[in-house]
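See below for the structure under consideration.
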Amino acid sequence: MSTDVLLAVSPEAAWNWIVEPFQLGFMIRALWVSAFVGTVCAVLSCYITLKGWSLMGDAVSHAVVPGVVVAYALGLPFALGAFVFGFGATVMIGYVKAQTRLKEDAVIGVIFTGFFAFGLVLATKIPSNIDLFHILFGNVLGISQQDIIQTVIAGASTLAIILFRRKDLLLFCFDPNHAKAIGLNTQLMYYTLLSVLALTIVTALQTAGIVLVVAMLVTPGATAYLLSDRFDRMLMISVSVSVLSCLLGTYTSYHLDASTGGCIVVLMTLFFTAAMLFGPKYGIVSQKLR
């Protein structure tokens, strides 16, 4: 066996291969940013799961594309444009649903595809340094200092709003009729939840991109929902699954030279599959064994 082969399989070489990403500044930034984004998405994911707003998250994530393009073209923070267009799309969905006989899923399908298509047209016609691939699939490994600041501000704002109105939001998501009966302003809760949804999508843009951010908003909460009936425990499981997936996915993407957002979502999906099959109470295999 040659010296090169022995060196390749030596414990020292294996250890250097393992710790190599932690010696790079951009990887350290990517790891803590993705963990932060995973925490924000996981917290909101529990409320989205209870409310049944998975499709709404898909709509808002696609609707922010023209906002990102316009913001870059005008030299404004991308987070501002993304939030304005994302929240604007949700308001438009509510208005069209109230004024027509269409059901909500049909309205969402029309609005978000229209916004997304408009964003693609702007991205191809407005001269800018925007990489459409990074908008769609994220680029946390190449995230700039300015984008980190925007991500942290949007994420911290989301967590602060949820923490401040957590009980009202939980009641609104779980039983809106009861919330209205006891005097809670359900219209305000509706737009509050839409606001934090738009802010969370802005937070996750650099990590997962438009296409994959929906998975980060839905999968952690759905996984936790299969494992616990208590909301506080569900919240802890959701955050744990999301953060672990973000850290391992970012680390794995470096060695595989693959999409970071894609690796994160694949791991989240594996956690969901394990919960669906082997969850102690609601797992398919566990139920059959009982």
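In the structure tokens, chains take the letters A, B, ... in the order shown, each chain's residues start at 1, and ligands count up from 1 in the order shown.
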Taking a cut-off of 9 Å and counting only C-alpha atoms, can you build a table that, for each residue of region 101-206 of chain A near region 51-58 of chain A, reports the nearest atom pair and how far apart they are in Å (one decimal), sorted by chain then residue number, as a tab-separated table?
```
residue	atom	partner	partner_atom	distance
A:Asp105	CA	A:Leu55	CA	7.5
A:Ile108	CA	A:Met56	CA	7.0
A:Gly109	CA	A:Leu55	CA	8.7
A:Phe112	CA	A:Asp58	CA	8.0
A:Leu170	CA	A:Lys51	CA	8.9
A:Phe172	CA	A:Lys51	CA	8.1
A:Cys173	CA	A:Lys51	CA	4.5
A:Phe174	CA	A:Lys51	CA	6.5
A:Asp175	CA	A:Lys51	CA	8.8
A:Leu194	CA	A:Met56	CA	8.8
A:Leu197	CA	A:Gly57	CA	7.0
A:Ala198	CA	A:Gly57	CA	8.3
A:Ile201	CA	A:Gly57	CA	8.2
```
Store the residues picked out above, limited to C-alpha atoms, as a compact mmCIF listing (two decimals), in the first residue's frame.
```
# COMPACT_ATOMS: atom_id res chain seq x y z
CA ASP A 105 -56.53 27.74 -2.06
CA ILE A 108 -53.49 31.70 -3.13
CA GLY A 109 -52.53 29.77 -6.27
CA PHE A 112 -48.48 33.74 -5.60
CA LEU A 170 -51.79 30.06 20.07
CA PHE A 172 -56.11 32.03 17.41
CA CYS A 173 -54.37 29.14 15.64
CA PHE A 174 -55.96 26.41 17.75
CA ASP A 175 -59.54 27.71 18.00
CA LEU A 194 -49.10 37.20 8.39
CA LEU A 197 -44.72 34.90 8.41
CA ALA A 198 -43.38 37.50 5.98
CA ILE A 201 -39.41 34.24 5.11
```
Close residues, Ile182 (chain A) itself excluded, 12 Å, only C-alpha atoms, min 4 positions apart in chain, as a ChimeraX atom specification: /A:168,171-172,175-178,186
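Proximity to Ser238 (chain A) was assessed for A:Tyr190, A:Tyr47, A:Tyr95, A:Phe137 counting only C-alpha atoms; the smallest distance is recorded for A:Tyr47.
If you measure from each of A:Ser240, A:Thr223, A:Gln150, A:Thr260 to Pro77 (chain A) using only C-alpha atoms, the closest one turns out to be A:Gln150.
Distance check against Gly94 (chain A) using only C-alpha atoms: of A:Ser61, A:Asn16, A:Gln287, A:Gln187, the minimum falls on A:Gln187.
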Residue contacts of Ala42 (chain A) (9 Å, only C-alpha atoms) excluding same-chain residues fewer than 3 positions away, as a ChimeraX atom specification: /A:37-39,45-46,216-221,235-243
Check which residues of region 93-145 of chain A sit at most 12 Å from region 83-87 of chain A using only C-alpha atoms, and return one row each with the closest pair of atoms and their distance in Å to one decimal, ordered by chain and rising number, as a tab-separated table.
```
residue	atom	partner	partner_atom	distance
A:Ile93	CA	A:Phe87	CA	9.9
A:Gly94	CA	A:Phe87	CA	10.9
A:Ile111	CA	A:Gly86	CA	10.9
A:Phe112	CA	A:Gly86	CA	9.4
A:Phe115	CA	A:Phe85	CA	8.5
A:Phe116	CA	A:Phe85	CA	10.5
A:Phe118	CA	A:Phe85	CA	11.4
A:Gly119	CA	A:Phe85	CA	10.3
```
Output N, CA and C atoms of each residue in that selection to a file, as a short mmCIF file (atom, residue, chain, number, x, y, z; two decimals), in the first residue's frame.
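This went into out_25.cif:
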```
data_model
loop_
_atom_site.label_atom_id
_atom_site.label_comp_id
_atom_site.auth_asym_id
_atom_site.auth_seq_id
_atom_site.Cartn_x
_atom_site.Cartn_y
_atom_site.Cartn_z
N ILE A 93 -54.51 38.53 -1.08
CA ILE A 93 -55.19 37.23 -0.99
C ILE A 93 -56.46 37.36 -0.15
N GLY A 94 -56.34 38.04 1.00
CA GLY A 94 -57.49 38.23 1.86
C GLY A 94 -58.58 39.05 1.19
N ILE A 111 -52.55 34.25 -6.91
CA ILE A 111 -51.77 35.41 -6.46
C ILE A 111 -50.28 35.09 -6.41
N PHE A 112 -49.91 33.97 -5.79
CA PHE A 112 -48.48 33.74 -5.60
C PHE A 112 -47.77 33.40 -6.92
N PHE A 115 -47.29 36.83 -8.67
CA PHE A 115 -46.17 37.58 -8.08
C PHE A 115 -44.83 36.96 -8.47
N PHE A 116 -44.75 35.64 -8.40
CA PHE A 116 -43.50 34.95 -8.70
C PHE A 116 -43.09 35.17 -10.16
N PHE A 118 -43.98 37.65 -12.09
CA PHE A 118 -43.61 39.05 -12.22
C PHE A 118 -42.17 39.27 -11.74
N GLY A 119 -41.80 38.60 -10.66
CA GLY A 119 -40.43 38.70 -10.16
C GLY A 119 -39.42 38.14 -11.13
#
```
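Using only C-alpha atoms, the shortest contact distance between Val121 (chain A) and any of A:Gly142, A:Gly81, A:Ser245, A:Pro66 is found at A:Pro66.
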Non-local contacts of Ala117 (chain A) (12 Å; only C-alpha atoms; under 3 positions in same chain excluded) as a ChimeraX atom specification: /A:62-66,110-114,120-124
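Counting only C-alpha atoms, the residue from A:Ala208, A:Ala98, A:Tyr251, A:Ala71 that sits nearest to Leu136 (chain A) is A:Ala208.
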Alpha helix (DSSP H) positions in region 100-160 of chain A, given as a PyMOL selection string: chain A and resi 104-125+132-137+145-160
With C-alpha atoms kept, could you save the residues just selected as a short mmCIF file (atom, residue, chain, number, x, y, z; two decimals), in the first residue's frame?
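So out-v1.cif came out as:
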```
data_model
loop_
_atom_site.label_atom_id
_atom_site.label_comp_id
_atom_site.auth_asym_id
_atom_site.auth_seq_id
_atom_site.Cartn_x
_atom_site.Cartn_y
_atom_site.Cartn_z
CA GLU A 104 -58.74 30.36 -0.41
CA ASP A 105 -56.53 27.74 -2.06
CA ALA A 106 -57.52 28.94 -5.54
CA VAL A 107 -56.88 32.58 -4.62
CA ILE A 108 -53.49 31.70 -3.13
CA GLY A 109 -52.53 29.77 -6.27
CA VAL A 110 -53.39 32.68 -8.56
CA ILE A 111 -51.77 35.41 -6.46
CA PHE A 112 -48.48 33.74 -5.60
CA THR A 113 -47.82 32.43 -9.12
CA GLY A 114 -48.58 35.90 -10.50
CA PHE A 115 -46.17 37.58 -8.08
CA PHE A 116 -43.50 34.95 -8.70
CA ALA A 117 -43.78 35.26 -12.49
CA PHE A 118 -43.61 39.05 -12.22
CA GLY A 119 -40.43 38.70 -10.16
CA LEU A 120 -38.84 36.43 -12.77
CA VAL A 121 -39.62 38.98 -15.50
CA LEU A 122 -38.08 41.80 -13.44
CA ALA A 123 -34.99 39.70 -12.64
CA THR A 124 -34.33 39.10 -16.33
CA LYS A 125 -35.04 42.66 -17.50
CA LEU A 132 -31.44 34.23 -9.65
CA PHE A 133 -30.12 30.85 -8.46
CA HIS A 134 -29.23 32.35 -5.07
CA ILE A 135 -32.69 33.92 -4.75
CA LEU A 136 -34.36 30.58 -5.47
CA PHE A 137 -32.09 28.27 -3.47
CA GLN A 145 -22.11 41.14 6.52
CA GLN A 146 -24.98 43.40 5.42
CA ASP A 147 -27.21 40.40 4.71
CA ILE A 148 -26.35 38.91 8.11
CA ILE A 149 -27.46 42.14 9.81
CA GLN A 150 -30.75 42.14 7.88
CA THR A 151 -31.30 38.46 8.72
CA VAL A 152 -30.67 38.99 12.43
CA ILE A 153 -32.95 42.06 12.60
CA ALA A 154 -35.80 40.29 10.79
CA GLY A 155 -35.40 37.12 12.86
CA ALA A 156 -35.16 38.94 16.19
CA SER A 157 -38.26 40.98 15.31
CA THR A 158 -40.16 37.79 14.53
CA LEU A 159 -39.20 36.13 17.81
CA ALA A 160 -40.04 39.28 19.79
#
```
CA of Cys263 (chain A) to CA of Thr250 (chain A), distance in Å rounded to a single decimal: 7.0 Å
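Take CA of Asp229 (chain A) and CA of Phe164 (chain A): the distance between them is 22.9 Å.
When only C-alpha atoms are used to measure the gap to Val211 (chain A), the shortest distance among A:Val265, A:Ala30, A:Met92, A:Leu50 belongs to A:Val265.
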